[in-house]
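J.: Once you've had a glance at the structure underneath, I'll fire off some questions.
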Amino acid sequence: MTENRFLPAPKITIIGAGGFVFPFRLIGDILSFPALRDAELCLMDIRPEKLGPVAQATRELIAHHGFDATVVETGDRRAALEGADIVIITFQVGGVEAYRHDVEIPRRYGIDQTVGDTVGPGGVFRFLRSVPAYDAIAADALEVCPGATFINYANPMAMATAYLNAKGLRTVGLCHSVQGTTRMLARTLGVPYEEISYRCAGINHQAWILEFVRGQEDLYPAVRETMSRLHQRGRGAADLAGDDGDHSEVAEGANVYEGGNEQVRTAIMNAFGYFQTESSHHASEYLPYFRKSPQLTEEFLPERWDYYEICAAHDDQGDIDAQLAKLKEELAPSVEYGATIVNSIVTGTPSVIHGNVPNHGSLIENLPADACVEVPCLVDARGVQPTAIGELPPQLAAVNRTNVNVQTLAVRAALTGDVENVHHAVALDPLTAAQVTLEDARAMTEELLAAHASQLPEALRPAAQG
């Protein structure tokens with residue numbers, strides 16, 4: 001091994017390692033870096049029946065390639081965290097049954113979330129029911145691995161990452177919407193991706209492509225012209241160019257990036273001047289303009305895409321055998337940043353990723369200090385080092401703030417136990433505000449509090465408010 005190493009044989013812990021497909025793909029990413037092939041991979045999940053197949057496939061992959069990595073599988077969270085150098089979070093709490101409440105209760109009030117995992121009623125409650133698990137992780141980690149770097153793949157990304165940092169864990173949140181969007185734009189323009197450079201910042205699922213260049217050539221005029229032409233024809237760029245990568249490999253709770261019609265993102269760009277990083281289906285949930293009625297939604301998104309229905313349709317972990325066969329044949333990293341971060345910390349090899357981090361020091365000056373922002377970050381042996389962006393164009397910051405309001409209020413509810421902040425967060429969601437009265441927003445939130453009561457932080461359970 002030719003690389004210098006700052007962390008020989010690191011311990012890499014994955015919490016939620018029995019999740020749908022993604023944890024095993026992430027393990028493949030880790031093992032694709034030579035410096036990580038003797039790591040201790042500690043796989044933790046509270047469901048042994050899900051964890052076992054992932055651990056077995058990991059051992060088989062290691063043996064096939066003749067690596068020295070070791071695999072530990074456990075349901076003991078504290079043991080998994082003991083001495084960990086890197087901790088990767090890939091779980092959601094409650095599974096499909098809890099997710100059903102996130103989407104079905106709001107739909108009775110006319111709020112149709114295509115995913116419901118980022119802001120809105122679904123995002124707020126996905127976060128709140130994860131808080132007790134985050135608290136337990138933080139309590140153990142601060143004792144047994146206080147110097148560990150935490151990588152969060154769980155949604156709602158901004159809320160979860162902000163909360164983990166507030167609890168004292170050095171955490172970066174990762175998504176693949178920046179990679180997916182920039183690849184889609186390059187492909188749509190017919191420009192090789194390796195010739196593209198870009199500048200991107202904002203918040204998760206609503207970051208903005210601020211610059212998009214090829215050498216000295218500004219490609220934004222071509223982006224605006226091409227996407228607007230496709231939008232006018234009622235076809236999305238990805239309809240013509242195809243989706244990028246295997247985005248079926250999504251963790252439970254991780255971001256979803258799908259191709260398809262991009263009329264929503266094009267409309268956002270035409271209104272506010274810049275292209276944003278989350279797909280049109282997902283982006284339509286974050287603003288009040290696109291889902292006011294079923295007819296309007298169909299106009300912007302002719303093909304319905306419903307992530308809850310997709311999740312409810314599968315009851316296993318995906319085809320791990322197929323993934324194993326692929327990784328035996330070719331062990332190459334995916335577009336995910338997680339393993340790249342681990343490699344940079346272990347070897348000191350610099351890399352640049354787009355990560356979600358607290359807006360400390362005003363990384364984005366015209367977003368609130370308690371926001372969780374998505375910015376370029378340098379990574380090396382010193383860890384993840386966010387870069388300061390300055391100010392976003394004011395209209396972009398204004399759009400972001402409508403979502404930041406929801407995120408920071410939900411995090412405040414978790415930190416303080418004030419259930420009124422839950423009501424405030426849901427009522428201020430842009431899509432919710434476009435669809436219901438304040439009275440109905442409160443009634444809906446009360447229903448969600450009751451439906452999720454057993455999994456919420458104790459202070460936020462309805463019984464605690466009586």
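Here's how to read the names in the structure tokens: chain A, B, ... by the order shown, residue numbers from 1 in each chain, ligand numbers from 1 in the order shown.
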Any idea what's packed within 12 Å of Ser454 (chain A), counting only C-alpha atoms, ignoring anything in its chain fewer than 5 positions away? Could you give it as a ChimeraX atom specification?

T.: /A:93-94,98,128-130,132,448-449,459-464

J.: Can you pull out the residues contacting Val172 (chain A)? Cut-off 9 Å, using only C-alpha atoms, and skip same-chain residues under 6 positions away; I want them as a PyMOL selection string.

T.: chain A and resi 149-153+161+165+355-358+384

J.: Excluding region 288-305 of chain A and any residue of its chain fewer than 5 positions from it, enumerate the residues within 8 Å of it, using only C-alpha atoms, and give them as a PyMOL selection string.

T.: chain A and resi 112+114+261+263-264+280-281+430-435

J.: Taking N, CA, C and O atoms for each residue, export the selection above as a PDB file, in the first residue's frame.

T.:
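Produced file selection00.pdb, reproduced below:
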```pdb
ATOM      1  N   ASP A 112     -50.605  16.447  -0.634  1.00  0.00           N
ATOM      2  CA  ASP A 112     -50.122  15.254  -1.323  1.00  0.00           C
ATOM      3  C   ASP A 112     -48.607  15.351  -1.461  1.00  0.00           C
ATOM      4  O   ASP A 112     -48.092  16.080  -2.309  1.00  0.00           O
ATOM      5  N   THR A 114     -45.144  13.724  -2.489  1.00  0.00           N
ATOM      6  CA  THR A 114     -44.679  12.637  -3.338  1.00  0.00           C
ATOM      7  C   THR A 114     -43.647  11.757  -2.636  1.00  0.00           C
ATOM      8  O   THR A 114     -43.520  10.584  -2.926  1.00  0.00           O
ATOM      9  N   ASN A 261     -39.548  13.839 -16.030  1.00  0.00           N
ATOM     10  CA  ASN A 261     -39.941  15.173 -16.443  1.00  0.00           C
ATOM     11  C   ASN A 261     -39.395  16.233 -15.485  1.00  0.00           C
ATOM     12  O   ASN A 261     -39.497  16.106 -14.278  1.00  0.00           O
ATOM     13  N   GLN A 263     -40.186  19.695 -15.616  1.00  0.00           N
ATOM     14  CA  GLN A 263     -40.889  20.970 -15.778  1.00  0.00           C
ATOM     15  C   GLN A 263     -40.846  21.796 -14.491  1.00  0.00           C
ATOM     16  O   GLN A 263     -40.774  23.028 -14.543  1.00  0.00           O
ATOM     17  N   VAL A 264     -40.912  21.149 -13.333  1.00  0.00           N
ATOM     18  CA  VAL A 264     -40.912  21.893 -12.075  1.00  0.00           C
ATOM     19  C   VAL A 264     -39.591  22.625 -11.891  1.00  0.00           C
ATOM     20  O   VAL A 264     -39.559  23.837 -11.609  1.00  0.00           O
ATOM     21  N   SER A 280     -37.706  17.044  -9.993  1.00  0.00           N
ATOM     22  CA  SER A 280     -38.953  17.799 -10.053  1.00  0.00           C
ATOM     23  C   SER A 280     -40.034  17.231  -9.151  1.00  0.00           C
ATOM     24  O   SER A 280     -40.789  17.978  -8.522  1.00  0.00           O
ATOM     25  N   HIS A 281     -40.168  15.912  -9.072  1.00  0.00           N
ATOM     26  CA  HIS A 281     -41.173  15.345  -8.184  1.00  0.00           C
ATOM     27  C   HIS A 281     -40.939  15.793  -6.739  1.00  0.00           C
ATOM     28  O   HIS A 281     -41.850  16.256  -6.055  1.00  0.00           O
ATOM     29  N   PRO A 430     -44.327  25.485   3.277  1.00  0.00           N
ATOM     30  CA  PRO A 430     -44.968  26.190   2.161  1.00  0.00           C
ATOM     31  C   PRO A 430     -46.135  25.428   1.519  1.00  0.00           C
ATOM     32  O   PRO A 430     -47.169  26.030   1.222  1.00  0.00           O
ATOM     33  N   LEU A 431     -45.981  24.118   1.305  1.00  0.00           N
ATOM     34  CA  LEU A 431     -47.063  23.368   0.688  1.00  0.00           C
ATOM     35  C   LEU A 431     -48.260  23.261   1.627  1.00  0.00           C
ATOM     36  O   LEU A 431     -49.412  23.424   1.211  1.00  0.00           O
ATOM     37  N   THR A 432     -48.013  23.013   2.900  1.00  0.00           N
ATOM     38  CA  THR A 432     -49.094  22.948   3.881  1.00  0.00           C
ATOM     39  C   THR A 432     -49.849  24.275   3.928  1.00  0.00           C
ATOM     40  O   THR A 432     -51.087  24.308   3.916  1.00  0.00           O
ATOM     41  N   ALA A 433     -49.109  25.379   3.973  1.00  0.00           N
ATOM     42  CA  ALA A 433     -49.738  26.698   4.048  1.00  0.00           C
ATOM     43  C   ALA A 433     -50.573  27.002   2.812  1.00  0.00           C
ATOM     44  O   ALA A 433     -51.560  27.737   2.889  1.00  0.00           O
ATOM     45  N   ALA A 434     -50.191  26.435   1.675  1.00  0.00           N
ATOM     46  CA  ALA A 434     -50.949  26.665   0.445  1.00  0.00           C
ATOM     47  C   ALA A 434     -52.243  25.863   0.400  1.00  0.00           C
ATOM     48  O   ALA A 434     -53.142  26.186  -0.382  1.00  0.00           O
ATOM     49  N   GLN A 435     -52.347  24.830   1.241  1.00  0.00           N
ATOM     50  CA  GLN A 435     -53.466  23.903   1.114  1.00  0.00           C
ATOM     51  C   GLN A 435     -54.485  23.989   2.248  1.00  0.00           C
ATOM     52  O   GLN A 435     -55.653  23.668   2.031  1.00  0.00           O
TER      53      GLN A 435
END
```

J.: Please run DSSP on the backbone and report, as an NGL selection string, all residues within region 230-408 of chain A that come out as strand (DSSP E).

T.: :A and (275-276 or 351-358 or 372-380 or 383-386)

J.: List every residue of region 283-385 of chain A that has an atom at most 9 Å from any atom of region 398-412 of chain A, and for each one report the closest atom pair and its distance in Å to one decimal, counting only C-alpha atoms, with rows sorted by chain and then by increasing residue number, as JSON lines.

T.:
```
{"residue": "A:Tyr286", "atom": "CA", "partner": "A:Asn403", "partner_atom": "CA", "distance": 7.1}
{"residue": "A:Leu287", "atom": "CA", "partner": "A:Thr402", "partner_atom": "CA", "distance": 8.3}
{"residue": "A:Asn366", "atom": "CA", "partner": "A:Ala398", "partner_atom": "CA", "distance": 8.6}
{"residue": "A:Leu367", "atom": "CA", "partner": "A:Arg401", "partner_atom": "CA", "distance": 6.8}
{"residue": "A:Pro368", "atom": "CA", "partner": "A:Arg401", "partner_atom": "CA", "distance": 8.0}
{"residue": "A:Asp370", "atom": "CA", "partner": "A:Thr408", "partner_atom": "CA", "distance": 6.8}
{"residue": "A:Ala371", "atom": "CA", "partner": "A:Val404", "partner_atom": "CA", "distance": 6.2}
{"residue": "A:Cys372", "atom": "CA", "partner": "A:Val404", "partner_atom": "CA", "distance": 7.9}
```

J.: How about saving the chosen residues, N, CA and C atoms kept, as a short mmCIF file (atom, residue, chain, number, x, y, z; two decimals), in the first residue's frame?

T.:
```cif
data_model
loop_
_atom_site.label_atom_id
_atom_site.label_comp_id
_atom_site.auth_asym_id
_atom_site.auth_seq_id
_atom_site.Cartn_x
_atom_site.Cartn_y
_atom_site.Cartn_z
N TYR A 286 -41.69 21.25 -1.97
CA TYR A 286 -41.02 22.21 -1.10
C TYR A 286 -41.51 23.64 -1.29
N LEU A 287 -42.33 23.86 -2.31
CA LEU A 287 -42.82 25.20 -2.63
C LEU A 287 -44.33 25.15 -2.82
N ASN A 366 -26.41 34.96 4.09
CA ASN A 366 -27.80 35.40 4.16
C ASN A 366 -28.78 34.26 4.44
N LEU A 367 -28.27 33.19 5.10
CA LEU A 367 -29.12 32.19 5.71
C LEU A 367 -28.88 32.21 7.22
N PRO A 368 -29.86 31.79 8.02
CA PRO A 368 -29.73 31.89 9.48
C PRO A 368 -28.56 31.08 10.03
N ASP A 370 -28.50 29.19 12.54
CA ASP A 370 -28.87 27.85 13.00
C ASP A 370 -29.37 26.96 11.87
N ALA A 371 -29.22 27.40 10.62
CA ALA A 371 -29.58 26.57 9.48
C ALA A 371 -28.53 25.48 9.28
N CYS A 372 -28.94 24.40 8.64
CA CYS A 372 -28.00 23.39 8.14
C CYS A 372 -27.89 23.62 6.65
#
```

J.: Expressed in Å to a single decimal, how great is the separation between CA of Arg126 (chain A) and CA of Glu458 (chain A)?

T.: 15.5 Å

J.: Hey, what's within 10 Å of region 15-17 of chain A if we count only C-alpha atoms and toss same-chain stuff fewer than 3 positions away? As an MDAnalysis selection string, please?

T.: chainID A and resid 12 20:24 26:27 42:47 50:52 54:55 73:75 77 80:81 87:93 137 152 154 251:252

J.: For those residues, write N, CA and C atoms to a file as a JSON list (two decimals), in the first residue's frame.

T.:
```json
[["chain", "number", "residue", "atom", "x", "y", "z"],
["A", 12, "ILE", "N", -14.81, 1.29, 11.06],
["A", 12, "ILE", "CA", -15.89, 1.98, 10.37],
["A", 12, "ILE", "C", -17.20, 1.30, 10.78],
["A", 20, "PHE", "N", -32.25, -1.31, 3.17],
["A", 20, "PHE", "CA", -32.54, -1.72, 1.81],
["A", 20, "PHE", "C", -31.40, -1.35, 0.87],
["A", 21, "VAL", "N", -30.64, -2.32, 0.43],
["A", 21, "VAL", "CA", -29.63, -2.26, -0.63],
["A", 21, "VAL", "C", -28.47, -1.31, -0.33],
["A", 22, "PHE", "N", -28.76, -0.06, 0.07],
["A", 22, "PHE", "CA", -27.74, 0.97, 0.13],
["A", 22, "PHE", "C", -26.56, 0.64, 1.03],
["A", 23, "PRO", "N", -26.74, 0.12, 2.25],
["A", 23, "PRO", "CA", -25.56, -0.14, 3.08],
["A", 23, "PRO", "C", -24.55, -1.07, 2.41],
["A", 24, "PHE", "N", -25.05, -2.08, 1.70],
["A", 24, "PHE", "CA", -24.11, -3.00, 1.06],
["A", 24, "PHE", "C", -23.38, -2.32, -0.10],
["A", 26, "LEU", "N", -22.64, 0.78, -0.15],
["A", 26, "LEU", "CA", -21.69, 1.64, 0.53],
["A", 26, "LEU", "C", -20.46, 0.84, 0.97],
["A", 27, "ILE", "N", -20.68, -0.37, 1.42],
["A", 27, "ILE", "CA", -19.55, -1.25, 1.78],
["A", 27, "ILE", "C", -18.68, -1.50, 0.55],
["A", 42, "CYS", "N", -17.81, -2.65, 11.19],
["A", 42, "CYS", "CA", -18.73, -3.05, 12.25],
["A", 42, "CYS", "C", -20.15, -2.72, 11.80],
["A", 43, "LEU", "N", -20.94, -3.74, 11.58],
["A", 43, "LEU", "CA", -22.28, -3.59, 11.02],
["A", 43, "LEU", "C", -23.29, -3.77, 12.14],
["A", 44, "MET", "N", -24.07, -2.71, 12.39],
["A", 44, "MET", "CA", -25.00, -2.75, 13.51],
["A", 44, "MET", "C", -26.42, -2.53, 13.01],
["A", 45, "ASP", "N", -27.35, -3.35, 13.49],
["A", 45, "ASP", "CA", -28.77, -3.18, 13.20],
["A", 45, "ASP", "C", -29.55, -3.88, 14.30],
["A", 46, "ILE", "N", -30.72, -3.35, 14.63],
["A", 46, "ILE", "CA", -31.54, -3.98, 15.67],
["A", 46, "ILE", "C", -32.35, -5.15, 15.13],
["A", 47, "ARG", "N", -32.24, -5.39, 13.79],
["A", 47, "ARG", "CA", -32.98, -6.49, 13.16],
["A", 47, "ARG", "C", -31.98, -7.55, 12.67],
["A", 50, "LYS", "N", -32.28, -8.96, 9.14],
["A", 50, "LYS", "CA", -31.87, -8.11, 8.03],
["A", 50, "LYS", "C", -30.36, -7.94, 7.98],
["A", 51, "LEU", "N", -29.75, -7.91, 9.16],
["A", 51, "LEU", "CA", -28.31, -7.69, 9.23],
["A", 51, "LEU", "C", -27.53, -8.89, 8.72],
["A", 52, "GLY", "N", -28.00, -10.10, 9.02],
["A", 52, "GLY", "CA", -27.26, -11.30, 8.67],
["A", 52, "GLY", "C", -26.90, -11.40, 7.19],
["A", 54, "VAL", "N", -26.56, -9.07, 4.96],
["A", 54, "VAL", "CA", -25.59, -8.04, 4.57],
["A", 54, "VAL", "C", -24.20, -8.43, 5.06],
["A", 55, "ALA", "N", -24.10, -8.90, 6.31],
["A", 55, "ALA", "CA", -22.80, -9.31, 6.85],
["A", 55, "ALA", "C", -22.23, -10.47, 6.06],
["A", 73, "GLU", "N", -20.69, -8.17, 13.17],
["A", 73, "GLU", "CA", -22.11, -7.84, 13.13],
["A", 73, "GLU", "C", -22.66, -7.86, 14.55],
["A", 74, "THR", "N", -23.47, -6.87, 14.86],
["A", 74, "THR", "CA", -23.94, -6.74, 16.23],
["A", 74, "THR", "C", -25.25, -5.98, 16.28],
["A", 75, "GLY", "N", -26.03, -6.25, 17.31],
["A", 75, "GLY", "CA", -27.21, -5.46, 17.61],
["A", 75, "GLY", "C", -26.97, -4.53, 18.79],
["A", 77, "ARG", "N", -25.58, -1.31, 20.15],
["A", 77, "ARG", "CA", -25.18, 0.01, 19.66],
["A", 77, "ARG", "C", -23.88, 0.48, 20.32],
["A", 80, "ALA", "N", -20.90, -1.28, 19.02],
["A", 80, "ALA", "CA", -20.60, -0.85, 17.65],
["A", 80, "ALA", "C", -19.88, 0.49, 17.64],
["A", 81, "LEU", "N", -20.22, 1.37, 18.57],
["A", 81, "LEU", "CA", -19.60, 2.70, 18.62],
["A", 81, "LEU", "C", -18.24, 2.69, 19.31],
["A", 87, "VAL", "N", -18.46, 6.78, 11.85],
["A", 87, "VAL", "CA", -19.77, 6.19, 12.09],
["A", 87, "VAL", "C", -20.71, 6.69, 11.00],
["A", 88, "ILE", "N", -21.34, 5.74, 10.31],
["A", 88, "ILE", "CA", -22.24, 6.07, 9.20],
["A", 88, "ILE", "C", -23.66, 5.70, 9.60],
["A", 89, "ILE", "N", -24.56, 6.65, 9.51],
["A", 89, "ILE", "CA", -25.96, 6.45, 9.90],
["A", 89, "ILE", "C", -26.81, 6.28, 8.65],
["A", 90, "THR", "N", -27.51, 5.13, 8.56],
["A", 90, "THR", "CA", -28.31, 4.85, 7.36],
["A", 90, "THR", "C", -29.70, 4.32, 7.71],
["A", 91, "PHE", "N", -30.23, 4.69, 8.86],
["A", 91, "PHE", "CA", -31.50, 4.09, 9.26],
["A", 91, "PHE", "C", -32.61, 5.14, 9.31],
["A", 92, "GLN", "N", -33.84, 4.65, 9.28],
["A", 92, "GLN", "CA", -34.99, 5.46, 9.67],
["A", 92, "GLN", "C", -35.75, 4.68, 10.73],
["A", 93, "VAL", "N", -36.51, 5.38, 11.52],
["A", 93, "VAL", "CA", -37.25, 4.75, 12.61],
["A", 93, "VAL", "C", -38.72, 4.57, 12.20],
["A", 137, "ILE", "N", -27.65, 7.36, 20.57],
["A", 137, "ILE", "CA", -26.36, 7.29, 19.86],
["A", 137, "ILE", "C", -25.41, 8.34, 20.41],
["A", 152, "ASN", "N", -23.98, 11.20, 8.06],
["A", 152, "ASN", "CA", -25.41, 10.92, 8.11],
["A", 152, "ASN", "C", -25.99, 10.83, 6.70],
["A", 154, "ALA", "N", -29.32, 9.74, 6.57],
["A", 154, "ALA", "CA", -30.75, 9.62, 6.85],
["A", 154, "ALA", "C", -31.46, 10.94, 6.63],
["A", 251, "ALA", "N", -30.78, 4.21, 0.54],
["A", 251, "ALA", "CA", -30.95, 3.75, 1.91],
["A", 251, "ALA", "C", -32.33, 4.06, 2.42],
["A", 252, "GLU", "N", -32.78, 3.30, 3.41],
["A", 252, "GLU", "CA", -33.99, 3.67, 4.11],
["A", 252, "GLU", "C", -33.72, 5.02, 4.77]]
```

J.: Check the DSSP output for the backbone and give back, as a PyMOL selection string, the residues of region 257-351 of chain A in alpha helix (DSSP H).

T.: chain A and resi 263-272+280-283+294-300+307-312+320-329+338-347

J.: For CA of Val335 (chain A) and CA of Leu185 (chain A), quote the distance in Å rounded to one decimal.

T.: 15.5 Å

J.: Excluding region 117-124 of chain A and its own-chain neighbours fewer than 6 positions away, which residues fall within 9 Å of it when counting only C-alpha atoms? Please give them as a PyMOL selection string.

T.: chain A and resi 99+101-103+106+111+155-159+204-205+253-255+282+285-286+403-404+406-407+410-411+422+425-432+444-445+448
